[in-house]
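Here's the structure, in structure tokens; my notes come after.
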Amino acid sequence: MTGLAVAGYAWGIGNVTLEPFYGAAARSMSQSWHNFIFGAFDPWGTVTVDKLPGALWVQALSLRLFGFHLWAVALPQVVEGALTVLVLYRAVRRVAGAGAGLAAALVLAVSPVTILLDRGNISDSLLILLLVLAADATTKALATGRVGSLVIAGVWVGLAFQAKMLQAWLVVPALFGVYLVAAPAAALLRRLGHVALATVVMVLVSLSFMTAVTAVPAHDRPYVDGSCDNSIFSQVFLYNGLDRFAATRVHQQGCSPPTHFLVETAEVGASLGLGTSSIPPGWGRLLHGPFGRDDAWFLVPSVVAAAALLISRRRRPRTDALRAAALLWSGWLVLTWSFFSGGRYLNSYYLAALIPALAALCGLGAATAWRHRQAVATRLVVLLTVVASTVYALTLVPAAVGVRAWIIASVVIVAALAVGILGTSLRRRHASLWTITCGLGLAAVALVSSSAWASGSVVVTGLGPFDTPYQSPKITELSQGAPAYNRAVDWPLLVRFADASPPSVAADVLESSWLASEDIFATGHEFLPVGGFTGEVPTPSLPQLIHYVATGRVVAATAAVAPRSRNPDMIWIIEHCSKKTVGNTYYAFEGTTMQRYLCQRAEGQRAEPRERAEPTERAEKN
């Protein structure tokens with residue numbers, strides 16, 4: 001199963017479409033240990049990435065080891081995804097045997113959203129690996145009652161916090177709650193003490209990096225993006241915390257208004273059907289559309305398995321391992337599903353966090369069904385599950401994208417054969433073991449086939465984390481064609497442009513880290529970002545920018561003039577630097593007109609910046 005997973009994750013790894021913002025940060029972090037430690041976004045280390053840098057540390061180490069290659073950025077996620085398959089196998093095998101572990105590993109390996117995630121450079125790959133390690137440690141603690149295993153689970157969650165912050169804590173009630181219910185320690189107070197100790201360790205590990213950064217004087221580290229007060233606690237608990245839950249974004253005091261072009265870019269992307277952030281919250285949004293095609297292929301069998309296990313084992317002793325495992329993974333699923341259903345902002349690849357729970361429940365259910373395969377009730381439940389799951393899977397496949405008829409036919413035929421054989425076994429008073437085995441085997445193939453076809457389609461078409469299975473060719477062209485064009489045409493121009501400047505001089509000043517990300521990712525050169533990812537945070541400070549200009553470190557900038565930038569730094573540039581009038585200097589970025597400016601040194605000497613050809617090509621694309 002691990003080999004199957006690696007094949008899907010690593011196919012075409014040398015030409016994958018990566019997220020340039022995280023790619024730029026990983027490249028900048030690989031250039032110095034100072035940048036590495038603090039998670040600096042740009043090579044000069046003026047501002048951090050807008051999240052904790054745990055996952056980017058692994059990517060930066062890969063770049064330091066192998067040099068700058070696209071495959072070197074993507075390789076850590078391939079490894080993390082493969083390790084997740086192995087760890088999930090071990091966690092499920094602990095309570096239900098090797099067969100259950102293999103079934104869970106198979107479901108995880110053929111789930112399209114997992115493949116999409118691990119073909120990119122997104123931090124969720126590391127998050128999921130560490131949380132599955134926490135679940136495995138908790139499962140071991142449930143079997144032994146030893147507090148050490150539960151404490152290790154807390155350590156894994158704390159490390160997962162470095163990768164994706166508060167999302168790592170989502171599954172903690174499921175992990176520690178199940179220990180309180182089902183751990184072999186006889187006294188409830190003793191179990192409470194174990195959970196309290198593990199929680200303290202989890203919190204200490206979670207907050208360790210944040211505390212260390214806070215202890216460093218502000219002038220010795222990059223500005224913390226996502227915060228208006230240079231506080232990493234604001235970044236984590238407001239920008240990446242409360243903002244994810246609130247109906248409207250929480251505005252922090254001290255920030256500038258958001259940039260026009262970022263707002264317009266989001267609106268244009270939504271109108272074209274790009275991304276999933278515009279899908280409104282609601283309990284049903286994960287059941288259909290792009291989200292459904294990502295996560296819901298195994299929803300029916302996993303829910304049936306969870307219900308069957310909890311009902312059939314309700315009279316077992318408190319410490320029953322199989323019921324405890326069902327509670328753990330069901331809790332993981334319910335908590336994560338609820339958060340994603342109600343969250344204000346949701347990227348498609350987030351849903352990969354649901355798949356370990358779905359896979360584990362399917363593995364537990366498959367093993368239980370096999371052990372009780374001669375029971376009529378078992379075969380009836382499996383038959384109904386195949387029917388419901390196949391019908392639901394067919395509703396997930398959009399008619400407009402032209403999925404080949406033989407793919408649909410193969411799913412229906414296998415499901416029909418499974419239902420026919422299982423139905424025949426139910427009509428016979430004493431069905432043969434061969435008939436039952438054949439029916440259950442075909443049922444397993446039927447339950448896996450629809451997801452496997454979806455996964456195969458994303459690998460063949462080279463899709464990545466921001467894509468979904470069976471998306472329209474137009475969206476695929478926009479999500480894959482534009483990055484391919486950038487690598488083939490824009491990147492060589494950017495490299496020549498950036499190499500013409502000494503490392504002590506910024507090749508350009510750009511409003512927002514997001515706008516500078518492609519340039520930094522392509523060149524490894526400083527393109528000074530103003531305002532962080534959203535263009536709102538006060539970095540660099542206006543006195544610092546003026547100092548950069550006075551000392552010749554900044555000689556050129558690109559500012560929005562229509563609508564005019566609202567960032568104080570860019571306003572100063574517009575008012576104090578001169579317009580570049582030679583060549584094609586104006587270009588539109590999603591409805592925003594940008595102007596190139598040249599800035600003079602304090603002593604009155606004119607800095608001579610390089611000609612920049614890149615805006616012309618970018619204007620033609622837009």
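Labels used: A, B, ... for chains in the order of the structure tokens, numbers from 1 for residues in each chain, and numbers from 1 for ligands as shown.
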
Proximity check stretch 287-341 of chain A to stretch 134-145 of chain A, 10 Å, nearest pairs one decimal Å, only C-alpha atoms, as CSV:
```
residue,atom,partner,partner_atom,distance
A:Thr319,CA,A:Leu142,CA,7.9
A:Asp320,CA,A:Ala143,CA,9.3
A:Ala321,CA,A:Ala143,CA,7.1
A:Ala324,CA,A:Leu142,CA,8.0
A:Ala325,CA,A:Thr139,CA,7.2
A:Leu328,CA,A:Ala135,CA,8.0
A:Trp329,CA,A:Ala135,CA,8.5
A:Trp332,CA,A:Ala135,CA,9.4
```

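Of note, atom CA of A:Gln471 and atom CA of A:Val458 are spaced 9.5 Å apart.
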
Polymer residues at most 12 Å from A:Ile37, only C-alpha atoms, same-chain spacing of 4 or more positions, as a CSV table (one decimal) with C-alpha atoms, in the first residue's frame:
```csv
chain,number,residue,atom,x,y,z
A,25,ALA,CA,9.4,30.9,2.1
A,26,ALA,CA,11.1,27.5,1.9
A,28,SER,CA,14.3,31.9,1.7
A,29,MET,CA,14.6,29.8,4.8
A,30,SER,CA,17.1,27.5,3.0
A,31,GLN,CA,19.5,30.5,2.5
A,32,SER,CA,20.4,31.2,6.1
A,33,TRP,CA,19.9,29.6,9.5
A,41,PHE,CA,9.4,34.7,3.9
A,45,GLY,CA,14.3,38.2,6.5
A,48,THR,CA,7.9,35.8,8.4
A,49,VAL,CA,5.5,33.5,6.6
A,52,LEU,CA,4.1,28.7,12.1
A,53,PRO,CA,7.0,27.3,10.0
A,54,GLY,CA,7.0,23.7,11.1
A,56,LEU,CA,8.5,24.7,5.9
A,57,TRP,CA,11.4,23.6,8.1
A,58,VAL,CA,11.3,20.2,6.5
A,60,ALA,CA,13.9,24.1,3.6
A,61,LEU,CA,16.2,21.3,4.9
A,209,PHE,CA,8.3,28.0,19.5
A,210,MET,CA,5.9,30.9,20.0
A,212,ALA,CA,10.9,31.4,22.1
A,213,VAL,CA,10.2,33.9,19.3
A,216,VAL,CA,13.7,37.5,21.0
A,220,ASP,CA,16.7,40.7,15.9
A,221,ARG,CA,14.0,38.8,14.1
A,222,PRO,CA,11.6,39.2,11.1
```

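Closest approach to A:Ala40 among A:Ala196, A:Ile573, A:Val411, A:Ile520: A:Ile520, based on only C-alpha atoms.
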
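Between atom CA of A:Ala500 and atom CA of A:Arg27 lies a distance of 19.4 Å.
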
**Request:** Mind giving me the straight-line distance from atom CA of A:Lys474 to atom CA of A:Phe291 in Å, one decimal?
**Result:** 18.2 Å

**Request:** Please identify all polymer residues within 9 Å of A:Glu511, counting only C-alpha atoms, omitting same-chain residues fewer than 5 positions from it, and present them as a ChimeraX atom specification.
**Result:** /A:259,516,528-535,557-560,565,567,569-570

**Asked** Between A:His547, A:Arg566, A:Arg314, A:His69, which is the closest to A:Ser512 once you count only C-alpha atoms?
**Response** A:Arg566

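The nearest approach to A:Val397 among the residues A:His288, A:Arg379, A:Arg371, A:Arg313, with only C-alpha atoms taken into account, belongs to A:His288.
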
**Item:** Residue neighbourhood stretch 233-237 of chain A, 8 Å, only C-alpha atoms, exclusion window fewer than 2 positions, as a ChimeraX atom specification
**Value:** /A:50-52,165-166,210,224-231,239-242

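You can rank A:Phe497, A:Val554, A:Ile232, A:Ser479 by their closest distance to A:Thr211 using only C-alpha atoms, and at the top of that list sits A:Ile232.
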
**Request:** Mind checking which residues fall within 10 Å of A:Glu518, counting only C-alpha atoms, ignoring those fewer than 2 positions away in the same chain, and posting them as a VMD selection string?
**Result:** chain A and resid 19 to 24 483 486 to 487 490 to 491 494 513 to 516 520 to 524 527

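Counting only C-alpha atoms, the residue from A:Gln77, A:Val387, A:Arg316, A:Ala160 that sits nearest to A:Ser62 is A:Gln77.
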
**Message:** If you run DSSP on the backbone here, which positions in stretch 474-513 of chain A get alpha helix (DSSP H)? Please write them as a count of residues only.
**Reply:** 17

**Request:** Find the residues around A:Val16 up to 10 Å (only C-alpha atoms counted), leave out those fewer than 3 positions away in its own chain, and share them as a PyMOL selection string.
**Result:** chain A and resi 10-13+19+70-71+73-74+119-121+462-464+480+483-484

Could you take the residues named above and write them with C-alpha atoms, as an mmCIF file, in the first residue's frame?
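Wrote again-v6.cif, looks like this:
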```cif
data_model
loop_
_atom_site.group_PDB
_atom_site.id
_atom_site.type_symbol
_atom_site.label_atom_id
_atom_site.label_comp_id
_atom_site.auth_asym_id
_atom_site.auth_seq_id
_atom_site.Cartn_x
_atom_site.Cartn_y
_atom_site.Cartn_z
ATOM 1 C CA ALA A 10 5.524 11.156 -6.705
ATOM 2 C CA TRP A 11 4.220 10.798 -10.261
ATOM 3 C CA GLY A 12 5.631 13.736 -12.232
ATOM 4 C CA ILE A 13 7.272 15.169 -9.102
ATOM 5 C CA GLU A 19 2.133 27.001 -4.099
ATOM 6 C CA LEU A 70 10.737 21.586 -7.705
ATOM 7 C CA TRP A 71 11.024 17.941 -6.735
ATOM 8 C CA VAL A 73 10.310 21.128 -2.469
ATOM 9 C CA ALA A 74 7.686 18.410 -3.029
ATOM 10 C CA ARG A 119 1.654 16.149 -4.589
ATOM 11 C CA GLY A 120 2.252 19.711 -3.402
ATOM 12 C CA ASN A 121 4.044 21.765 -0.764
ATOM 13 C CA GLY A 462 -1.104 16.168 -12.931
ATOM 14 C CA LEU A 463 -3.430 17.944 -10.511
ATOM 15 C CA GLY A 464 -2.327 19.388 -7.176
ATOM 16 C CA GLN A 480 -2.014 24.057 -14.275
ATOM 17 C CA PRO A 483 2.058 27.905 -13.465
ATOM 18 C CA ALA A 484 3.571 25.975 -16.376
#
```
